[in-house]
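Remarks on the structure that follows.
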Protein chains: 2
Amino acid sequence: MVQSPLVRELIEAFRCLPGVGPKSAQRMTYALLQRDRGGAQQLARALDAAVEGVGECEQCRTLSETAVCGLCASDRRDAGVLCIVENPADIQALEDATDYRGRYFVLKGRLSPLDGIGPAELGLEVLEARFNRGEVREIILATNPTVEGEATAQYVAEMARGADIRVSRIAHGVPLGGDLEYVDSGTLSHAFAGRSNYE
Amino acid sequence: MVQSPLVRELIEAFRCLPGVGPKSAQRMTYALLQRDRGGAQQLARALDAAVEGVGECEQCRTLSETAVCGLCASDRRDAGVLCIVENPADIQALEDATDYRGRYFVLKGRLSPLDGIGPAELGLEVLEARFNRGEVREIILATNPTVEGEATAQYVAEMARGADIRVSRIAHGVPLGGDLEYVDSGTLSHAFAGRSNYE
Ligand SMILES: [Zn+2]
Ligand SMILES: [Zn+2]
């Protein structure tokens, strides 16, 4: 190791990013320190501001710096239709790919009893209360087509049926084992349009 | 765009990193905000500390938080041999791959008159003065095998010969374990032209 401690620490810090190994972390560090110190400072400010200011929407649980996110606050979105997704990033993917005009609910995960992730962790108790208040008439299940995503969809569907809510599941045009966030928007749009009733 | 402004700004800020497009920037942002806010804060601190504290070694021009870097300060490295590289990252690569025991000089670029990068920008005037003080007896040219890297190597070699310094250039060719069929034609042409007698 011939790097100075601060350089080494920055390389190490970049490793917290998904998909960044030792080589890319080193490349990022050298690139910023040699050619873009302004960018480095801006990144530091943006990280601080986001960590400080971004919480979650109290209605849909997506990342939001206001108590209610823009989408939940918009009266141009149908409050009677909820699309259930695993992650905030899935919302962006669906918004980019479809002309969906309802709202969302973000589970921030999927049922995984072995990891201690049950209904409470996914906000399902809150969601059920909302179902029972009668303000939702339809849900679209857009969890990922993995074993756990499927189990989660089943669980939510059960809750919805108990409250007389129409349930559909997006079509399995999304490749099995695939992650919604990384699917091309054509496939995603097709899968969304081809959703079927969920029994 | 359904993201909150702070989320959007963080995604944008990640774009300053080499090899990071809109998709990875979004993935990084969501991953940190959902699962690793501690990592995000640590990264912000490391960026600030490095931008603030890392300058360049006054002898070899590599990134360093001290006036003279550890390598230039070490008396276990032969001060009479200088390996000339384009970037600080090249030092790490050579240290990892070889048992070189001399020192380095970092050009921080290569001659590129059209971009306004001449000898002064690469520190060549300082290097020439050092050559003329007689403390260097040998240099190894490790600039990249591009047209500009080659022109830079030529320029430095000329300076060195004027000061009676022995000059060598690292070999360029087909990488070890490489398959001729898949080597880019520039490399192959270079390797062919630079063939040596085979005993
Ligand atoms: Zn919301
Ligand atoms: Zn140095």
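Following the order of the structure tokens, first chain is A, next is B, and so on, with residues numbered from 1 inside each chain and ligands from 1 in the order they appear.
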Non-local contacts of range 110-123 of chain B (12 Å; only C-alpha atoms; under 2 positions in same chain excluded) as a VMD selection string = chain B and resid 58 to 62 84 to 87 105 to 108 125 to 130 142 to 156 159
Expected file contents, prior selection, C-alpha atoms, as a JSON list (two decimals), in the first residue's frame:
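Result file out-v6.json:
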[["chain", "number", "residue", "atom", "x", "y", "z"],
["B", 58, "GLU", "CA", 6.39, 17.97, -3.96],
["B", 59, "GLN", "CA", 8.89, 15.45, -5.29],
["B", 60, "CYS", "CA", 6.89, 12.97, -7.37],
["B", 61, "ARG", "CA", 3.52, 14.77, -7.77],
["B", 62, "THR", "CA", 1.49, 11.78, -6.59],
["B", 84, "ILE", "CA", 7.78, 7.93, -15.07],
["B", 85, "VAL", "CA", 4.01, 7.31, -15.03],
["B", 86, "GLU", "CA", 0.97, 9.23, -16.18],
["B", 87, "ASN", "CA", -1.23, 8.79, -13.10],
["B", 105, "PHE", "CA", 7.51, 10.69, -11.06],
["B", 106, "VAL", "CA", 3.87, 11.34, -11.91],
["B", 107, "LEU", "CA", 3.15, 13.43, -15.01],
["B", 108, "LYS", "CA", -0.57, 13.71, -14.16],
["B", 125, "GLU", "CA", 10.72, 21.60, -16.30],
["B", 126, "VAL", "CA", 11.07, 20.59, -12.67],
["B", 127, "LEU", "CA", 12.01, 17.07, -13.76],
["B", 128, "GLU", "CA", 14.67, 18.37, -16.15],
["B", 129, "ALA", "CA", 16.21, 20.48, -13.38],
["B", 130, "ARG", "CA", 16.34, 17.35, -11.27],
["B", 142, "ALA", "CA", 5.87, 3.72, -18.13],
["B", 143, "THR", "CA", 3.52, 6.09, -19.95],
["B", 144, "ASN", "CA", 0.64, 4.41, -21.76],
["B", 145, "PRO", "CA", 1.13, 3.06, -25.31],
["B", 146, "THR", "CA", -1.10, 5.69, -26.93],
["B", 147, "VAL", "CA", 0.08, 8.21, -29.50],
["B", 148, "GLU", "CA", 0.24, 10.90, -26.83],
["B", 149, "GLY", "CA", 1.79, 8.62, -24.22],
["B", 150, "GLU", "CA", 4.43, 7.64, -26.77],
["B", 151, "ALA", "CA", 5.17, 11.27, -27.68],
["B", 152, "THR", "CA", 5.50, 12.05, -23.98],
["B", 153, "ALA", "CA", 7.89, 9.14, -23.50],
["B", 154, "GLN", "CA", 9.98, 10.42, -26.43],
["B", 155, "TYR", "CA", 10.10, 13.90, -24.95],
["B", 156, "VAL", "CA", 11.21, 12.72, -21.51],
["B", 159, "MET", "CA", 15.60, 15.25, -21.76]]
Can you check which residues of chain A have any atom within 6 Å of chain B? Use only C-alpha atoms and format it as an MDAnalysis selection string.
-> chainID A and resid 4 6 10 13 16:17 28 39 43:44 46 50 64
Keeping N, CA, C and O atoms for every residue in the selection just given, could you write it to a file as a PDB file, in the first residue's frame?
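New file out-v7.pdb:
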ATOM      1  N   SER A   4      -1.771   7.368   0.615  1.00  0.00           N
ATOM      2  CA  SER A   4      -1.849   8.109   1.872  1.00  0.00           C
ATOM      3  C   SER A   4      -3.107   7.660   2.609  1.00  0.00           C
ATOM      4  O   SER A   4      -4.071   7.200   1.994  1.00  0.00           O
ATOM      5  N   LEU A   6      -5.662   9.162   3.942  1.00  0.00           N
ATOM      6  CA  LEU A   6      -6.940   9.758   3.535  1.00  0.00           C
ATOM      7  C   LEU A   6      -7.425   9.179   2.207  1.00  0.00           C
ATOM      8  O   LEU A   6      -8.619   9.004   1.988  1.00  0.00           O
ATOM      9  N   LEU A  10     -10.850   6.938   1.711  1.00  0.00           N
ATOM     10  CA  LEU A  10     -11.880   7.265   0.724  1.00  0.00           C
ATOM     11  C   LEU A  10     -12.173   6.047  -0.155  1.00  0.00           C
ATOM     12  O   LEU A  10     -13.330   5.735  -0.436  1.00  0.00           O
ATOM     13  N   ALA A  13     -14.319   3.863   1.835  1.00  0.00           N
ATOM     14  CA  ALA A  13     -15.675   4.399   2.000  1.00  0.00           C
ATOM     15  C   ALA A  13     -16.532   4.165   0.756  1.00  0.00           C
ATOM     16  O   ALA A  13     -17.740   3.947   0.855  1.00  0.00           O
ATOM     17  N   CYS A  16     -19.041   1.066   0.209  1.00  0.00           N
ATOM     18  CA  CYS A  16     -20.419   0.919   0.699  1.00  0.00           C
ATOM     19  C   CYS A  16     -21.414   0.972  -0.464  1.00  0.00           C
ATOM     20  O   CYS A  16     -22.578   0.623  -0.303  1.00  0.00           O
ATOM     21  N   LEU A  17     -20.978   1.388  -1.628  1.00  0.00           N
ATOM     22  CA  LEU A  17     -21.885   1.493  -2.770  1.00  0.00           C
ATOM     23  C   LEU A  17     -22.080   0.127  -3.419  1.00  0.00           C
ATOM     24  O   LEU A  17     -21.123  -0.645  -3.550  1.00  0.00           O
ATOM     25  N   MET A  28     -12.592   5.540  -8.697  1.00  0.00           N
ATOM     26  CA  MET A  28     -13.422   6.690  -8.319  1.00  0.00           C
ATOM     27  C   MET A  28     -12.621   7.695  -7.493  1.00  0.00           C
ATOM     28  O   MET A  28     -12.696   8.906  -7.715  1.00  0.00           O
ATOM     29  N   GLY A  39     -16.818  18.152  -7.768  1.00  0.00           N
ATOM     30  CA  GLY A  39     -17.811  17.077  -7.785  1.00  0.00           C
ATOM     31  C   GLY A  39     -17.797  16.289  -6.491  1.00  0.00           C
ATOM     32  O   GLY A  39     -18.854  15.896  -5.976  1.00  0.00           O
ATOM     33  N   LEU A  43     -20.875  15.902  -3.975  1.00  0.00           N
ATOM     34  CA  LEU A  43     -21.378  14.587  -3.591  1.00  0.00           C
ATOM     35  C   LEU A  43     -21.475  14.487  -2.068  1.00  0.00           C
ATOM     36  O   LEU A  43     -22.466  13.985  -1.532  1.00  0.00           O
ATOM     37  N   ALA A  44     -20.452  14.997  -1.378  1.00  0.00           N
ATOM     38  CA  ALA A  44     -20.479  14.967   0.092  1.00  0.00           C
ATOM     39  C   ALA A  44     -21.682  15.748   0.617  1.00  0.00           C
ATOM     40  O   ALA A  44     -22.408  15.288   1.507  1.00  0.00           O
ATOM     41  N   ALA A  46     -24.506  16.433  -1.001  1.00  0.00           N
ATOM     42  CA  ALA A  46     -25.758  15.757  -1.373  1.00  0.00           C
ATOM     43  C   ALA A  46     -26.025  14.558  -0.469  1.00  0.00           C
ATOM     44  O   ALA A  46     -27.170  14.286  -0.098  1.00  0.00           O
ATOM     45  N   ALA A  50     -29.269  14.423   1.947  1.00  0.00           N
ATOM     46  CA  ALA A  50     -30.250  13.348   1.778  1.00  0.00           C
ATOM     47  C   ALA A  50     -30.403  12.541   3.064  1.00  0.00           C
ATOM     48  O   ALA A  50     -31.512  12.228   3.490  1.00  0.00           O
ATOM     49  N   SER A  64     -39.050  10.130   1.070  1.00  0.00           N
ATOM     50  CA  SER A  64     -39.665  11.440   0.885  1.00  0.00           C
ATOM     51  C   SER A  64     -39.115  12.419   1.901  1.00  0.00           C
ATOM     52  O   SER A  64     -38.841  12.051   3.039  1.00  0.00           O
TER      53      SER A  64
END
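In the superposition of chain A on chain B, with all Cα atoms paired by position, the RMSD stands at 5.6 Å.
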Tell me, in Å to one decimal, how far atom 1 (Zn, counted along the ligand's line) of ligand 2 is from CA of Leu124 in chain B.
-> 15.2 Å
Give the strand (DSSP E or B) residues of range 43-134 of chain B, as assigned by DSSP on the backbone, as number ranges by chain.
-> B: 55-56, 63-64, 78-85, 102-106, 112, 117
Since we have the selection now, will you write its residues out, keeping C-alpha atoms, as a tab-separated table (two decimals), in the first residue's frame?
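Written output follows (out-v6.tsv):
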chain	number	residue	atom	x	y	z
B	55	GLY	CA	-2.51	17.54	-2.09
B	56	GLU	CA	0.46	16.38	-4.11
B	63	LEU	CA	-1.55	12.32	-4.34
B	64	SER	CA	-0.25	12.86	-0.82
B	78	ASP	CA	16.69	3.99	-4.68
B	79	ALA	CA	16.59	7.74	-5.39
B	80	GLY	CA	18.77	7.23	-8.47
B	81	VAL	CA	16.04	5.41	-10.43
B	82	LEU	CA	12.78	7.10	-11.48
B	83	CYS	CA	9.81	5.38	-13.08
B	84	ILE	CA	7.78	7.93	-15.07
B	85	VAL	CA	4.01	7.31	-15.03
B	102	GLY	CA	13.25	2.88	-7.24
B	103	ARG	CA	11.05	5.96	-7.04
B	104	TYR	CA	8.40	7.50	-9.28
B	105	PHE	CA	7.51	10.69	-11.06
B	106	VAL	CA	3.87	11.34	-11.91
B	112	SER	CA	-1.45	17.05	-25.62
B	117	ILE	CA	-1.09	20.36	-22.01
Could you pull out the residues in range 2-199 of chain B that DSSP calls alpha helix (DSSP H) from the backbone, as a compact mmCIF listing (two decimals) with C-alpha atoms, in the first residue's frame?
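The result, written out as part36.txt:
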# COMPACT_ATOMS: atom_id res chain seq x y z
CA PRO B 5 -35.59 16.88 -4.72
CA LEU B 6 -32.94 15.67 -2.26
CA VAL B 7 -33.08 12.15 -3.69
CA ARG B 8 -32.85 13.55 -7.22
CA GLU B 9 -29.89 15.73 -6.26
CA LEU B 10 -28.04 12.78 -4.74
CA ILE B 11 -28.64 10.70 -7.88
CA GLU B 12 -27.30 13.61 -9.92
CA ALA B 13 -24.26 14.01 -7.64
CA PHE B 14 -23.29 10.34 -8.05
CA PRO B 22 -28.29 7.22 -14.43
CA LYS B 23 -29.28 3.66 -13.50
CA SER B 24 -26.34 2.95 -11.19
CA ALA B 25 -26.61 6.42 -9.67
CA GLN B 26 -30.22 5.67 -8.79
CA ARG B 27 -29.33 2.23 -7.45
CA MET B 28 -26.58 3.72 -5.26
CA THR B 29 -28.90 6.40 -3.91
CA TYR B 30 -31.70 4.03 -2.98
CA ALA B 31 -29.33 1.46 -1.50
CA LEU B 32 -27.69 4.01 0.80
CA LEU B 33 -30.88 5.75 1.87
CA GLN B 34 -32.75 2.52 2.49
CA ARG B 35 -30.07 0.33 3.97
CA ARG B 37 -27.19 5.71 6.00
CA GLY B 38 -24.14 5.21 8.20
CA GLY B 39 -22.13 4.32 5.12
CA ALA B 40 -23.45 7.40 3.33
CA GLN B 41 -22.33 9.67 6.16
CA GLN B 42 -18.94 7.99 6.32
CA LEU B 43 -18.53 8.47 2.58
CA ALA B 44 -19.41 12.16 2.91
CA ARG B 45 -16.80 12.55 5.70
CA ALA B 46 -14.14 10.68 3.70
CA LEU B 47 -14.80 12.85 0.62
CA ASP B 48 -14.48 16.05 2.64
CA ALA B 49 -11.36 14.86 4.44
CA ALA B 50 -9.65 13.79 1.22
CA VAL B 51 -10.56 16.96 -0.71
CA GLU B 52 -9.36 19.04 2.23
CA GLY B 53 -6.26 17.09 3.15
CA GLY B 70 5.87 8.00 1.99
CA LEU B 71 7.55 6.48 -1.02
CA CYS B 72 9.73 9.52 -1.76
CA ALA B 73 10.57 9.80 1.95
CA PRO B 88 -1.00 8.12 -9.34
CA ALA B 89 -3.03 4.94 -9.87
CA ASP B 90 -0.23 3.60 -12.09
CA ILE B 91 2.10 3.62 -9.08
CA GLN B 92 -0.20 1.30 -7.16
CA ALA B 93 -0.51 -1.00 -10.17
CA LEU B 94 3.28 -1.22 -10.58
CA GLU B 95 3.86 -1.68 -6.84
CA ASP B 96 1.34 -4.53 -6.81
CA ALA B 97 2.81 -6.22 -9.89
CA LEU B 124 8.80 18.40 -17.00
CA GLU B 125 10.72 21.60 -16.30
CA VAL B 126 11.07 20.59 -12.67
CA LEU B 127 12.01 17.07 -13.76
CA GLU B 128 14.67 18.37 -16.15
CA ALA B 129 16.21 20.48 -13.38
CA ARG B 130 16.34 17.35 -11.27
CA PHE B 131 17.98 15.44 -14.11
CA ASN B 132 20.58 18.17 -14.42
CA VAL B 147 0.08 8.21 -29.50
CA GLU B 148 0.24 10.90 -26.83
CA GLY B 149 1.79 8.62 -24.22
CA GLU B 150 4.43 7.64 -26.77
CA ALA B 151 5.17 11.27 -27.68
CA THR B 152 5.50 12.05 -23.98
CA ALA B 153 7.89 9.14 -23.50
CA GLN B 154 9.98 10.42 -26.43
CA TYR B 155 10.10 13.90 -24.95
CA VAL B 156 11.21 12.72 -21.51
CA ALA B 157 13.75 10.32 -23.07
CA GLU B 158 15.27 13.25 -24.97
CA MET B 159 15.60 15.25 -21.76
CA ALA B 160 17.21 12.30 -20.00
CA ARG B 161 19.72 11.62 -22.74
CA GLY B 162 20.77 15.25 -22.55
CA SER B 185 -5.61 -4.47 -33.46
CA GLY B 186 -3.71 -1.48 -32.09
CA THR B 187 -2.06 -3.66 -29.45
CA LEU B 188 -1.40 -6.42 -31.95
CA SER B 189 0.15 -4.07 -34.48
CA HIS B 190 2.32 -2.58 -31.74
CA ALA B 191 3.37 -6.04 -30.54
CA PHE B 192 4.21 -7.14 -34.06
CA ALA B 193 6.26 -4.07 -34.90
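With only C-alpha atoms and all ligand atoms as the atoms that count, the residue of A:Ala163, A:Ser74, A:Val136, A:Ile170 with the shortest distance to ligand 1 is A:Ser74.
One distance worth recording is that between CA of Glu138 in chain B and CA of Val167 in chain B, which is 5.9 Å.
Atom to atom, CA of Glu181 in chain B and CA of Arg195 in chain B stand 17.5 Å apart.
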